[in-house]
>>> print(open('entry_29.cif').read())   # mmCIF, C-alpha atoms
data_final
loop_
_atom_site.label_atom_id
_atom_site.label_comp_id
_atom_site.auth_asym_id
_atom_site.auth_seq_id
_atom_site.Cartn_x
_atom_site.Cartn_y
_atom_site.Cartn_z
CA MET A 1059 -4.52 -23.21 -28.24
CA ALA A 1060 -1.45 -22.95 -25.97
CA HIS A 1061 0.53 -21.31 -28.78
CA GLN A 1062 -2.27 -18.84 -29.37
CA LEU A 1063 -2.34 -17.98 -25.68
CA GLY A 1064 1.42 -17.45 -25.67
CA GLY A 1065 1.06 -14.92 -28.49
CA GLU A 1066 -1.66 -13.05 -26.62
CA LEU A 1067 0.48 -12.84 -23.49
CA ARG A 1068 3.51 -11.60 -25.38
CA GLN A 1069 1.38 -8.82 -26.83
CA ARG A 1070 0.00 -7.67 -23.52
CA GLY A 1071 3.16 -8.35 -21.51
CA ASP A 1072 3.86 -10.37 -18.43
CA PRO A 1073 0.77 -10.08 -16.16
CA ARG A 1074 2.96 -10.19 -13.04
CA ARG A 1075 4.74 -7.03 -14.19
CA HIS A 1076 1.47 -5.12 -14.26
CA GLY A 1077 0.07 -6.64 -11.09
CA ARG A 1078 -2.72 -8.42 -12.98
CA HIS A 1079 -3.89 -11.97 -12.43
CA VAL A 1080 -5.69 -12.67 -15.68
CA MET A 1081 -7.88 -15.69 -16.20
CA THR A 1082 -7.85 -17.43 -19.56
CA ASP A 1083 -9.80 -20.68 -19.80
CA PHE A 1084 -7.89 -22.91 -22.21
CA ASP A 1085 -7.47 -26.64 -22.59
CA GLY A 1086 -3.71 -26.97 -22.66
CA GLU A 1087 -1.69 -29.53 -24.60
CA ASP A 1088 -2.12 -33.29 -24.21
CA VAL A 1089 1.18 -35.06 -23.53
CA GLU A 1090 2.38 -38.53 -22.55
CA VAL A 1091 4.77 -39.22 -19.70
CA ARG A 1092 6.64 -42.53 -19.53
CA CYS A 1093 7.43 -43.87 -16.07
CA ASP A 1094 10.49 -45.92 -15.10
CA ASP A 1095 8.38 -49.09 -14.82
CA GLY A 1096 7.18 -48.69 -18.42
CA GLN A 1097 3.72 -47.34 -17.58
CA VAL A 1098 2.67 -44.43 -19.78
CA ILE A 1099 0.38 -41.85 -18.23
CA LYS A 1100 -1.50 -39.02 -19.84
CA ALA A 1101 -1.02 -35.45 -18.69
CA ARG A 1102 -1.94 -31.96 -19.76
CA LEU A 1103 0.54 -29.15 -20.13
CA TYR A 1104 -0.53 -25.53 -19.68
CA ALA A 1105 2.41 -23.56 -21.00
CA LEU A 1106 3.41 -20.20 -22.36
CA ARG A 1107 5.13 -20.41 -25.72
CA ALA A 1108 7.76 -17.97 -24.51
CA SER A 1109 8.55 -16.31 -21.20
CA GLU A 1110 11.10 -13.88 -19.87
CA GLY A 1111 13.75 -14.94 -17.39
CA GLU A 1112 14.44 -18.45 -16.17
CA PRO A 1113 11.63 -20.97 -16.80
CA ARG A 1114 9.38 -21.92 -13.93
CA GLY A 1115 7.18 -24.98 -13.66
CA VAL A 1116 4.51 -26.45 -11.42
CA ILE A 1117 3.21 -30.00 -11.17
CA ILE A 1118 -0.35 -30.23 -9.88
CA ALA A 1119 -0.86 -33.66 -8.29
CA PRO A 1120 -4.59 -34.53 -8.21
CA ALA A 1121 -6.61 -36.04 -5.40
CA THR A 1122 -7.52 -39.73 -5.45
CA GLY A 1123 -10.08 -40.55 -8.12
CA VAL A 1124 -10.06 -37.03 -9.58
CA GLN A 1125 -9.22 -36.33 -13.21
CA SER A 1126 -6.64 -33.75 -14.21
CA SER A 1127 -9.34 -31.73 -15.96
CA TYR A 1128 -10.75 -30.70 -12.57
CA TYR A 1129 -7.69 -28.46 -12.09
CA ARG A 1130 -7.72 -26.90 -15.56
CA ARG A 1131 -8.84 -23.42 -14.52
CA PHE A 1132 -6.36 -23.17 -11.66
CA ALA A 1133 -3.64 -24.53 -13.97
CA GLY A 1134 -4.59 -21.97 -16.62
CA TYR A 1135 -4.42 -19.23 -14.01
CA LEU A 1136 -0.88 -20.23 -13.03
CA ALA A 1137 0.09 -20.42 -16.70
CA ASP A 1138 -1.32 -16.93 -17.24
CA ASN A 1139 1.00 -15.76 -14.50
CA GLY A 1140 4.30 -17.18 -15.64
CA PHE A 1141 4.31 -20.91 -14.89
CA ASN A 1142 4.46 -23.95 -17.13
CA VAL A 1143 1.97 -26.30 -15.47
CA LEU A 1144 1.82 -30.08 -15.84
CA VAL A 1145 -1.24 -31.92 -14.52
CA PRO A 1146 -1.15 -35.73 -14.78
CA ASP A 1147 -3.90 -38.28 -14.74
CA PHE A 1148 -2.39 -40.85 -12.39
CA ARG A 1149 -2.24 -44.45 -13.57
CA GLY A 1150 -5.73 -45.91 -13.56
CA ILE A 1151 -7.45 -42.51 -13.53
CA GLY A 1152 -9.14 -40.52 -16.29
CA ARG A 1153 -7.22 -40.62 -19.56
CA SER A 1154 -4.61 -42.90 -17.97
CA ALA A 1155 -7.20 -45.59 -17.23
CA PRO A 1156 -7.53 -48.84 -19.22
CA PRO A 1157 -10.36 -48.86 -21.78
CA ASP A 1158 -12.50 -51.61 -20.23
CA ALA A 1159 -13.19 -53.40 -16.96
CA ASN A 1160 -11.21 -56.53 -17.85
CA GLU A 1161 -8.04 -54.56 -18.50
CA TYR A 1162 -8.74 -52.49 -15.40
CA ARG A 1163 -8.75 -55.64 -13.30
CA ARG A 1164 -5.34 -56.55 -14.70
CA LEU A 1165 -3.84 -53.15 -13.89
CA LYS A 1166 -1.16 -53.46 -11.24
CA ALA A 1167 -1.06 -50.15 -9.39
CA ARG A 1168 -0.41 -49.16 -5.81
CA TRP A 1169 -1.33 -45.86 -4.16
CA HIS A 1170 2.26 -44.87 -3.39
CA GLU A 1171 3.25 -45.47 -7.02
CA TRP A 1172 1.36 -42.31 -7.94
CA GLY A 1173 4.27 -40.60 -6.20
CA THR A 1174 7.25 -42.92 -6.63
CA GLN A 1175 6.48 -43.54 -10.31
CA ASP A 1176 4.01 -40.99 -11.73
CA VAL A 1177 5.08 -37.79 -9.98
CA GLU A 1178 8.69 -38.89 -10.31
CA ALA A 1179 8.27 -39.23 -14.09
CA CYS A 1180 6.50 -35.86 -14.26
CA ILE A 1181 9.46 -34.19 -12.55
CA ALA A 1182 11.87 -35.63 -15.11
CA TRP A 1183 9.53 -34.80 -18.01
CA LEU A 1184 9.02 -31.19 -16.96
CA LEU A 1185 12.71 -30.60 -16.28
CA ASP A 1186 13.52 -31.94 -19.74
CA ARG A 1187 10.76 -29.91 -21.39
CA LEU A 1188 11.81 -26.63 -19.83
CA GLY A 1189 15.55 -27.15 -20.36
CA GLY A 1190 18.29 -25.09 -18.77
CA ARG A 1191 17.99 -24.89 -15.01
CA PRO A 1192 14.26 -24.53 -14.42
CA ARG A 1193 12.69 -23.88 -11.07
CA ILE A 1194 9.79 -26.23 -10.42
CA SER A 1195 7.34 -26.55 -7.55
CA ALA A 1196 4.41 -28.79 -6.71
CA VAL A 1197 0.81 -28.20 -5.71
CA GLY A 1198 -0.61 -31.41 -4.30
CA HIS A 1199 -4.27 -31.91 -3.51
CA SER A 1200 -5.34 -34.45 -0.89
CA PHE A 1201 -3.41 -37.70 -1.44
CA GLY A 1202 -1.81 -36.02 -4.44
CA GLY A 1203 -0.03 -33.76 -1.97
CA PHE A 1204 1.23 -36.77 -0.07
CA ALA A 1205 2.23 -38.47 -3.34
CA SER A 1206 4.26 -35.45 -4.46
CA LEU A 1207 6.53 -35.99 -1.45
CA LEU A 1208 7.16 -39.66 -2.25
CA ALA A 1209 8.98 -39.06 -5.54
CA GLU A 1210 12.69 -39.88 -5.44
CA HIS A 1211 13.53 -36.47 -6.87
CA ALA A 1212 11.07 -34.47 -4.77
CA HIS A 1213 14.14 -32.59 -3.55
CA GLN A 1214 14.15 -30.93 -6.98
CA PHE A 1215 11.05 -28.98 -5.99
CA GLU A 1216 11.71 -25.40 -5.01
CA ARG A 1217 8.64 -25.44 -2.80
CA VAL A 1218 5.59 -27.60 -2.22
CA MET A 1219 2.04 -26.45 -1.49
CA LEU A 1220 -0.10 -29.11 0.14
CA VAL A 1221 -3.87 -28.59 -0.06
CA GLY A 1222 -5.69 -30.86 2.37
CA ALA A 1223 -2.87 -33.41 2.10
CA GLN A 1224 -3.23 -36.67 4.04
CA HIS A 1225 -3.36 -40.45 3.58
CA ALA A 1226 -6.73 -41.41 5.06
CA HIS A 1227 -5.95 -42.88 8.42
CA TRP A 1228 -9.47 -43.47 9.72
CA THR A 1229 -9.04 -41.90 13.15
CA ASP A 1230 -8.23 -38.55 11.52
CA TYR A 1231 -11.61 -38.05 9.82
CA ASP A 1232 -13.93 -35.38 11.17
CA ARG A 1233 -15.66 -36.97 14.16
CA HIS A 1234 -19.14 -36.06 12.91
CA ARG A 1235 -18.61 -38.00 9.67
CA ARG A 1236 -16.10 -40.57 10.81
CA LEU A 1237 -18.50 -43.50 11.01
CA ALA A 1238 -19.97 -42.81 7.57
CA PHE A 1239 -16.49 -42.51 6.05
CA ILE A 1240 -15.30 -45.71 7.73
CA LEU A 1241 -18.29 -47.63 6.38
CA ARG A 1242 -17.84 -46.18 2.90
CA TRP A 1243 -14.07 -46.24 2.39
CA HIS A 1244 -12.85 -48.89 4.82
CA VAL A 1245 -15.69 -51.45 4.73
CA PHE A 1246 -17.77 -51.10 1.55
CA MET A 1247 -14.97 -50.07 -0.83
CA PRO A 1248 -12.57 -52.94 -0.03
CA ALA A 1249 -15.39 -55.49 -0.05
CA VAL A 1250 -16.59 -54.42 -3.51
CA THR A 1251 -13.00 -54.18 -4.74
CA MET A 1252 -12.21 -57.73 -3.67
CA LEU A 1253 -15.39 -58.94 -5.36
CA LEU A 1254 -14.96 -57.12 -8.69
CA GLY A 1255 -11.18 -56.80 -8.93
CA TYR A 1256 -11.35 -52.99 -8.98
CA PHE A 1257 -13.50 -50.28 -7.39
CA PRO A 1258 -16.30 -49.03 -9.73
CA GLY A 1259 -16.38 -45.47 -8.46
CA LYS A 1260 -17.94 -44.12 -11.67
CA LYS A 1261 -20.99 -46.36 -11.49
CA LEU A 1262 -21.52 -45.33 -7.88
CA GLY A 1263 -21.12 -41.66 -8.77
CA TRP A 1264 -18.50 -41.24 -6.04
CA LEU A 1265 -15.27 -40.72 -7.97
CA GLU A 1266 -13.31 -42.27 -10.82
CA ASN A 1267 -12.77 -46.02 -10.88
CA LEU A 1268 -9.82 -47.11 -8.75
CA PRO A 1269 -7.32 -49.90 -9.37
CA ARG A 1270 -7.52 -52.74 -6.89
CA GLY A 1271 -4.19 -51.91 -5.25
CA VAL A 1272 -5.05 -48.25 -4.81
CA ALA A 1273 -8.47 -48.95 -3.29
CA LEU A 1274 -7.08 -51.53 -0.86
CA ASP A 1275 -4.20 -49.27 0.14
CA TRP A 1276 -6.69 -46.52 0.93
CA ALA A 1277 -8.88 -48.93 2.89
CA ARG A 1278 -5.84 -50.25 4.77
CA GLY A 1279 -5.14 -46.75 6.11
CA ALA A 1280 -2.27 -47.50 8.50
CA SER A 1281 -1.33 -44.70 10.87
CA ASP A 1282 2.29 -45.06 9.69
CA TYR A 1283 2.25 -44.83 5.90
CA ALA A 1284 5.43 -46.87 5.65
CA LYS A 1285 3.35 -49.88 6.71
CA THR A 1286 0.77 -49.18 4.00
CA ILE A 1287 3.57 -49.26 1.41
CA GLY A 1288 5.06 -52.44 2.84
CA THR A 1289 8.30 -53.38 1.07
CA ASP A 1290 10.56 -50.32 0.79
CA GLY A 1291 8.17 -48.31 2.93
CA GLU A 1292 10.74 -47.41 5.56
CA ARG A 1293 13.27 -46.40 2.91
CA ILE A 1294 10.78 -44.23 1.03
CA MET A 1295 9.51 -42.47 4.15
CA HIS A 1296 13.08 -41.93 5.38
CA ARG A 1297 13.75 -40.15 2.08
CA VAL A 1298 10.71 -37.95 2.74
CA SER A 1299 12.10 -37.10 6.17
CA GLN A 1300 15.27 -35.77 4.53
CA LEU A 1301 13.51 -33.17 2.36
CA THR A 1302 14.62 -29.67 3.35
CA LEU A 1303 12.32 -27.61 1.12
CA PRO A 1304 9.69 -25.06 2.17
CA VAL A 1305 6.27 -26.67 2.62
CA LEU A 1306 2.98 -24.82 2.92
CA SER A 1307 -0.04 -26.72 4.22
CA VAL A 1308 -3.35 -25.07 3.23
CA ASN A 1309 -6.44 -26.46 4.91
CA PRO A 1310 -10.08 -25.29 4.88
CA THR A 1311 -11.49 -25.52 8.38
CA ASP A 1312 -14.60 -27.34 7.09
CA ASP A 1313 -12.70 -30.14 5.33
CA PRO A 1314 -13.92 -33.44 6.86
CA TYR A 1315 -10.95 -35.41 5.46
CA ALA A 1316 -8.06 -33.01 6.01
CA THR A 1317 -8.63 -32.31 9.68
CA PRO A 1318 -5.80 -30.84 11.78
CA ALA A 1319 -4.95 -34.37 12.94
CA ALA A 1320 -4.78 -35.62 9.35
CA VAL A 1321 -2.66 -32.85 7.87
CA ARG A 1322 -0.27 -32.79 10.80
CA ARG A 1323 0.22 -36.50 10.43
CA THR A 1324 1.48 -35.63 6.94
CA LEU A 1325 3.69 -32.79 8.13
CA ARG A 1326 5.35 -34.92 10.79
CA TYR A 1327 6.86 -37.13 8.10
CA LEU A 1328 8.71 -33.99 6.92
CA SER A 1329 11.03 -33.74 9.89
CA SER A 1330 13.72 -31.77 8.00
CA ALA A 1331 11.43 -29.43 6.05
CA THR A 1332 10.35 -25.92 6.98
CA CYS A 1333 6.60 -25.82 7.38
CA GLU A 1334 3.86 -23.24 7.48
CA GLU A 1335 0.16 -23.84 7.99
CA TRP A 1336 -2.72 -21.77 6.67
CA PHE A 1337 -6.09 -22.72 8.10
CA VAL A 1338 -8.73 -21.06 5.94
CA ASP A 1339 -12.19 -20.30 7.33
CA PRO A 1340 -14.87 -20.15 4.60
CA ARG A 1341 -16.21 -16.87 5.99
CA ASP A 1342 -12.88 -15.20 5.39
CA LEU A 1343 -13.22 -15.96 1.69
CA GLY A 1344 -16.79 -14.72 1.63
CA VAL A 1345 -18.45 -18.13 1.27
CA ASP A 1346 -20.46 -20.50 3.43
CA GLU A 1347 -18.37 -23.56 2.67
CA ILE A 1348 -15.15 -24.69 1.00
CA GLY A 1349 -14.84 -28.36 1.85
CA HIS A 1350 -12.27 -30.75 0.48
CA PHE A 1351 -12.40 -29.68 -3.17
CA GLY A 1352 -13.45 -26.05 -3.18
CA LEU A 1353 -10.17 -24.13 -3.26
CA PHE A 1354 -9.55 -25.11 -6.88
CA HIS A 1355 -12.94 -23.77 -7.94
CA GLN A 1356 -13.00 -20.63 -10.09
CA ARG A 1357 -14.94 -18.66 -7.48
CA PHE A 1358 -11.71 -18.34 -5.49
CA ARG A 1359 -9.63 -16.83 -8.29
CA GLU A 1360 -9.79 -13.36 -6.70
CA THR A 1361 -9.15 -14.52 -3.14
CA PHE A 1362 -7.23 -17.74 -2.62
CA TRP A 1363 -5.59 -18.10 -6.03
CA PRO A 1364 -3.53 -14.86 -5.91
CA LYS A 1365 -2.20 -15.83 -2.49
CA ALA A 1366 -1.25 -19.28 -3.74
CA LEU A 1367 0.42 -17.68 -6.77
CA HIS A 1368 2.52 -15.30 -4.71
CA TRP A 1369 3.64 -18.08 -2.38
CA LEU A 1370 4.71 -20.22 -5.36
CA LEU A 1371 6.54 -17.24 -6.86
CA GLY A 1372 8.32 -16.64 -3.57
CA THR A 1373 7.05 -13.07 -3.39
CA GLU A 1374 5.21 -13.84 -0.17
CA THR A 1375 7.49 -16.05 1.84
CA THR A 1376 6.55 -15.17 5.39
CA ILE A 1377 3.29 -14.96 7.26
CA ASP A 1378 2.34 -12.62 10.06
CA MET A 1379 1.11 -14.96 12.76
CA ARG A 1380 -0.69 -13.84 15.86
CA PRO A 1381 1.59 -13.88 18.93
CA ASP A 1382 -0.04 -16.97 20.40
CA ASP A 1383 -0.14 -18.87 17.11
CA ALA A 1384 2.27 -21.72 17.22
CA HIS A 1385 4.41 -22.43 14.26
CA ARG A 1386 5.65 -20.02 11.66
CA ASP A 1387 8.79 -21.42 10.00
CA ALA A 1388 8.76 -24.40 12.34
CA ARG A 1389 10.37 -27.72 11.66
CA CYS A 1390 7.53 -30.05 10.83
CA ASP A 1391 8.31 -32.48 13.62
CA ASP A 1392 8.15 -29.58 16.10
CA LEU A 1393 4.44 -28.99 15.45
CA PRO A 1394 2.58 -29.23 18.75
CA ARG A 1395 0.46 -32.25 19.43
CA LEU A 1396 -3.30 -31.97 19.19
CA PRO A 1397 -5.52 -30.56 20.47
CA LEU A 1398 -4.66 -26.94 19.78
CA ARG A 1399 -6.58 -23.94 18.54
CA ILE A 1400 -6.96 -23.42 14.82
CA ARG A 1401 -6.62 -19.81 13.73
CA GLU A 1402 -7.09 -18.28 10.34
CA ASN A 1403 -4.05 -16.44 9.05
CA PRO A 1404 -4.84 -12.71 8.80
CA ARG A 1405 -2.10 -11.86 6.32
CA PHE A 1406 -2.80 -14.81 4.06
CA LEU A 1407 -6.49 -14.00 3.93
CA GLY A 1408 -5.60 -10.41 3.11
CA GLY A 1409 -8.78 -8.99 4.58
CA PHE A 1410 -11.09 -10.94 2.27
CA HIS A 1411 -14.44 -11.03 4.03
CA GLY A 1412 -17.13 -10.45 2.07
CA GLY A 1413 -17.95 -32.08 -2.23
CA ASP A 1414 -17.89 -35.14 -1.04
CA GLY A 1415 -15.69 -37.65 -2.92
CA GLY A 1416 -12.17 -38.99 -3.03
CA ILE A 1417 -9.23 -37.81 -0.99
#
>>> encode(input="entry_29.cif", output="structure tokens")
Amino acid sequence: MAHQLGGELRQRGDPRRHGRHVMTDFDGEDVEVRCDDGQVIKARLYALRASEGEPRGVIIAPATGVQSSYYRRFAGYLADNGFNVLVPDFRGIGRSAPPDANEYRRLKARWHEWGTQDVEACIAWLLDRLGGRPRISAVGHSFGGFASLLAEHAHQFERVMLVGAQHAHWTDYDRHRRLAFILRWHVFMPAVTMLLGYFPGKKLGWLENLPRGVALDWARGASDYAKTIGTDGERIMHRVSQLTLPVLSVNPTDDPYATPAAVRRTLRYLSSATCEEWFVDPRDLGVDEIGHFGLFHQRFRETFWPKALHWLLGTETTIDMRPDDAHRDARCDDLPRLPLRIRENPRFLGGFHGGDGGI
């Protein structure tokens, strides 16, 4: 199917050249990615068979307990517009999960390993696949955004887009849902996980099953993520602090997980990076709600997706902020402390007026 799509695109030309953002729904190519610790994870590659100019790639890092297939339409959209897109199922999730409960209980996996092992292996795999001197970026959703920063070779990314990226420190949840989230993710989930040896998210209809280590790391939720990691935590987070790449934090204003406190906790680890924030009000995209998962839904392909595309391409690298808005091109550790006003970004929204689960 990917080869067929490549032929179609060669016939009609590069969609960027004609200012089109076409949408082709295709399944991509199943691939395997071997990590340094020997774990093999499944991933899906959405790629053009041939492209003009230097190759460009994107790794989409999923949210906790979310399969790679959830991002297939957004990945296909980026592939339609010149990117080779790799979307992994992290260890223990989706097609990278063990076949039965007994093997699931034996799976040794920690939350941070989705970054230090899985994303790290995806970087090496995509660089090797594209050859030459490819330019690759990352789009990380929820904890997947945080995980994309933990990879040893995250400095290879040209730019990183974080969508609702945080690591579930309980005080950062939306205050109206904080108690419910604490009971669910920090009381019920660890208790069931300790009892069963893994978290049966599928049976509960909440998310995918989670390995024991991942569920307990989430439930632990330390304010300083180095403490959640434990051994090597300080070294890993120091490496994150040395990243100098451009980082864009995109956050719907109705996201109960990725509140301003939560996403700025993430950005403050990036003390050497250059950060921009886009707070997106649902009304500015012509909808009543976006929530934690909505921006990857197809209904935003004419509004949010083109803006994300242009930022990843580097064709929209600056944002017109209102005079009293705080932090265009700011160092991440310079972001003002809460509380502060959240403003939508008028240029990012471009004049467009018109789920509960894992993190």
>>> residues_around(input="entry_29.cif", residues="Ala1101 in chain A", least_positions_apart="6", cutoff="12 Å", atoms="all atoms listed in the file", output="PDB file with C-alpha atoms, in the coordinates of the input")
ATOM      1  CA  ASP A1085      -7.470 -26.640 -22.590  1.00  0.00           C
ATOM      2  CA  GLY A1086      -3.710 -26.970 -22.660  1.00  0.00           C
ATOM      3  CA  GLU A1087      -1.690 -29.530 -24.600  1.00  0.00           C
ATOM      4  CA  ASP A1088      -2.120 -33.290 -24.210  1.00  0.00           C
ATOM      5  CA  VAL A1089       1.180 -35.060 -23.530  1.00  0.00           C
ATOM      6  CA  GLU A1090       2.380 -38.530 -22.550  1.00  0.00           C
ATOM      7  CA  VAL A1091       4.770 -39.220 -19.700  1.00  0.00           C
ATOM      8  CA  ARG A1092       6.640 -42.530 -19.530  1.00  0.00           C
ATOM      9  CA  ILE A1117       3.210 -30.000 -11.170  1.00  0.00           C
ATOM     10  CA  ILE A1118      -0.350 -30.230  -9.880  1.00  0.00           C
ATOM     11  CA  ALA A1119      -0.860 -33.660  -8.290  1.00  0.00           C
ATOM     12  CA  PRO A1120      -4.590 -34.530  -8.210  1.00  0.00           C
ATOM     13  CA  GLN A1125      -9.220 -36.330 -13.210  1.00  0.00           C
ATOM     14  CA  SER A1126      -6.640 -33.750 -14.210  1.00  0.00           C
ATOM     15  CA  SER A1127      -9.340 -31.730 -15.960  1.00  0.00           C
ATOM     16  CA  TYR A1129      -7.690 -28.460 -12.090  1.00  0.00           C
ATOM     17  CA  ARG A1130      -7.720 -26.900 -15.560  1.00  0.00           C
ATOM     18  CA  VAL A1143       1.970 -26.300 -15.470  1.00  0.00           C
ATOM     19  CA  LEU A1144       1.820 -30.080 -15.840  1.00  0.00           C
ATOM     20  CA  VAL A1145      -1.240 -31.920 -14.520  1.00  0.00           C
ATOM     21  CA  PRO A1146      -1.150 -35.730 -14.780  1.00  0.00           C
ATOM     22  CA  ASP A1147      -3.900 -38.280 -14.740  1.00  0.00           C
ATOM     23  CA  PHE A1148      -2.390 -40.850 -12.390  1.00  0.00           C
ATOM     24  CA  ARG A1149      -2.240 -44.450 -13.570  1.00  0.00           C
ATOM     25  CA  ILE A1151      -7.450 -42.510 -13.530  1.00  0.00           C
ATOM     26  CA  GLY A1152      -9.140 -40.520 -16.290  1.00  0.00           C
ATOM     27  CA  ARG A1153      -7.220 -40.620 -19.560  1.00  0.00           C
ATOM     28  CA  SER A1154      -4.610 -42.900 -17.970  1.00  0.00           C
ATOM     29  CA  ALA A1155      -7.200 -45.590 -17.230  1.00  0.00           C
ATOM     30  CA  ASP A1176       4.010 -40.990 -11.730  1.00  0.00           C
ATOM     31  CA  VAL A1177       5.080 -37.790  -9.980  1.00  0.00           C
ATOM     32  CA  ALA A1179       8.270 -39.230 -14.090  1.00  0.00           C
ATOM     33  CA  CYS A1180       6.500 -35.860 -14.260  1.00  0.00           C
ATOM     34  CA  TRP A1183       9.530 -34.800 -18.010  1.00  0.00           C
ATOM     35  CA  LEU A1184       9.020 -31.190 -16.960  1.00  0.00           C
TER      36      LEU A1184
END
>>> residues_around(input="entry_29.cif", residues="Val1197 in chain A", least_positions_apart="2", cutoff="8 Å", atoms="all atoms listed in the file", output="ChimeraX atom specification")
/A:1116-1119,1195,1199,1203,1218-1221
>>> write_last_selection(input="entry_29.cif", atoms="C-alpha atoms", output="PDB file, in the frame of the given file")
ATOM      1  CA  VAL A1116       4.510 -26.450 -11.420  1.00  0.00           C
ATOM      2  CA  ILE A1117       3.210 -30.000 -11.170  1.00  0.00           C
ATOM      3  CA  ILE A1118      -0.350 -30.230  -9.880  1.00  0.00           C
ATOM      4  CA  ALA A1119      -0.860 -33.660  -8.290  1.00  0.00           C
ATOM      5  CA  SER A1195       7.340 -26.550  -7.550  1.00  0.00           C
ATOM      6  CA  HIS A1199      -4.270 -31.910  -3.510  1.00  0.00           C
ATOM      7  CA  GLY A1203      -0.030 -33.760  -1.970  1.00  0.00           C
ATOM      8  CA  VAL A1218       5.590 -27.600  -2.220  1.00  0.00           C
ATOM      9  CA  MET A1219       2.040 -26.450  -1.490  1.00  0.00           C
ATOM     10  CA  LEU A1220      -0.100 -29.110   0.140  1.00  0.00           C
ATOM     11  CA  VAL A1221      -3.870 -28.590  -0.060  1.00  0.00           C
TER      12      VAL A1221
END
>>> axis_aligned_box(input="entry_29.cif", around="range 1338-1346 of chain A", padding_each_side="6 Å", output="JSON")
{"center_x": -14.6, "center_y": -17.9, "center_z": 4.3, "size_x": 23.7, "size_y": 18.3, "size_z": 18.1}
>>> resolve_selection(input="entry_29.cif", expression="the PyMOL selection byres ((chain A and resi 1359) around 12)", output="list in words")
Arg1078, His1079, Val1080, Met1081, Thr1082, Arg1131, Phe1132, Ala1133, Gly1134, Tyr1135, Leu1136, Leu1343, Gly1352, Leu1353, Phe1354, His1355, Gln1356, Arg1357, Phe1358, Glu1360, Thr1361, Phe1362, Trp1363, Pro1364, Lys1365, Ala1366 and Leu1367 of chain A
>>> write_last_selection(input="entry_29.cif", atoms="C-alpha atoms", output="CSV table (one decimal), in the coordinates of the input")
chain,number,residue,atom,x,y,z
A,1078,ARG,CA,-2.7,-8.4,-13.0
A,1079,HIS,CA,-3.9,-12.0,-12.4
A,1080,VAL,CA,-5.7,-12.7,-15.7
A,1081,MET,CA,-7.9,-15.7,-16.2
A,1082,THR,CA,-7.8,-17.4,-19.6
A,1131,ARG,CA,-8.8,-23.4,-14.5
A,1132,PHE,CA,-6.4,-23.2,-11.7
A,1133,ALA,CA,-3.6,-24.5,-14.0
A,1134,GLY,CA,-4.6,-22.0,-16.6
A,1135,TYR,CA,-4.4,-19.2,-14.0
A,1136,LEU,CA,-0.9,-20.2,-13.0
A,1343,LEU,CA,-13.2,-16.0,1.7
A,1352,GLY,CA,-13.4,-26.0,-3.2
A,1353,LEU,CA,-10.2,-24.1,-3.3
A,1354,PHE,CA,-9.6,-25.1,-6.9
A,1355,HIS,CA,-12.9,-23.8,-7.9
A,1356,GLN,CA,-13.0,-20.6,-10.1
A,1357,ARG,CA,-14.9,-18.7,-7.5
A,1358,PHE,CA,-11.7,-18.3,-5.5
A,1360,GLU,CA,-9.8,-13.4,-6.7
A,1361,THR,CA,-9.2,-14.5,-3.1
A,1362,PHE,CA,-7.2,-17.7,-2.6
A,1363,TRP,CA,-5.6,-18.1,-6.0
A,1364,PRO,CA,-3.5,-14.9,-5.9
A,1365,LYS,CA,-2.2,-15.8,-2.5
A,1366,ALA,CA,-1.2,-19.3,-3.7
A,1367,LEU,CA,0.4,-17.7,-6.8
>>> residues_around(input="entry_29.cif", residues="range 1265-1281 of chain A", least_positions_apart="2", cutoff="9 Å", atoms="all atoms listed in the file", output="PyMOL selection string")
chain A and resi 1122-1125+1149-1152+1155+1162-1170+1225-1229+1240+1243-1245+1247-1248+1251-1252+1254-1263+1283-1287+1323+1415-1416
>>> closest_residue(input="entry_29.cif", among="A:Ile1194, A:Ala1182, A:Ala1137, A:Val1321", to="Tyr1104 in chain A", atoms="only C-alpha atoms")
A:Ala1137
>>> closest_residue(input="entry_29.cif", among="A:Pro1318, A:Leu1106, A:Thr1174, A:Ile1181", to="Ala1205 in chain A", atoms="only C-alpha atoms")
A:Thr1174
>>> closest_residue(input="entry_29.cif", among="A:Asn1142, A:Arg1297, A:Pro1314, A:Arg1114", to="Ala1238 in chain A", atoms="all atoms listed in the file")
A:Pro1314
>>> residues_around(input="entry_29.cif", residues="Pro1304 in chain A", least_positions_apart="6", cutoff="7 Å", atoms="all atoms listed in the file", output="PyMOL selection string")
chain A and resi 1217-1218+1331-1333
>>> atom_distance(input="entry_29.cif", atom1="CA of Pro1310 in chain A", atom2="CA of Gly1349 in chain A")
6.4 Å
>>> atom_distance(input="entry_29.cif", atom1="CA of Ser1329 in chain A", atom2="CA of Phe1141 in chain A")
28.7 Å
>>> closest_residue(input="entry_29.cif", among="A:Leu1188, A:Val1298, A:Ala1316, A:Ala1159", to="His1350 in chain A", atoms="all atoms listed in the file")
A:Ala1316
>>> atom_distance(input="entry_29.cif", atom1="CA of Arg1341 in chain A", atom2="CA of Ala1196 in chain A")
27.0 Å
>>> closest_residue(input="entry_29.cif", among="A:Asp1346, A:Asp1313, A:Glu1210, A:Glu1112", to="Arg1293 in chain A", atoms="all atoms listed in the file")
A:Glu1210
>>> residues_around(input="entry_29.cif", residues="Gln1224 in chain A", least_positions_apart="3", cutoff="7 Å", atoms="only C-alpha atoms", output="list in words")
Ser1200, Phe1201, Phe1204, Ala1316, Ala1320, Val1321 and Thr1324 of chain A
>>> closest_residue(input="entry_29.cif", among="A:Gly1291, A:Gly1115, A:Gly1222, A:Gly1190", to="Val1338 in chain A", atoms="all atoms listed in the file")
A:Gly1222
>>> decode(input="entry_29.cif", residues="range 1155-1159 of chain A", atoms="C-alpha atoms", output="short mmCIF file (atom, residue, chain, number, x, y, z; two decimals), in the first residue's frame")
data_model
loop_
_atom_site.label_atom_id
_atom_site.label_comp_id
_atom_site.auth_asym_id
_atom_site.auth_seq_id
_atom_site.Cartn_x
_atom_site.Cartn_y
_atom_site.Cartn_z
CA ALA A 1155 2.47 -6.63 24.07
CA PRO A 1156 2.98 -10.26 25.16
CA PRO A 1157 0.31 -12.69 23.93
CA ASP A 1158 -1.15 -13.68 27.31
CA ALA A 1159 -1.48 -12.52 30.90
#
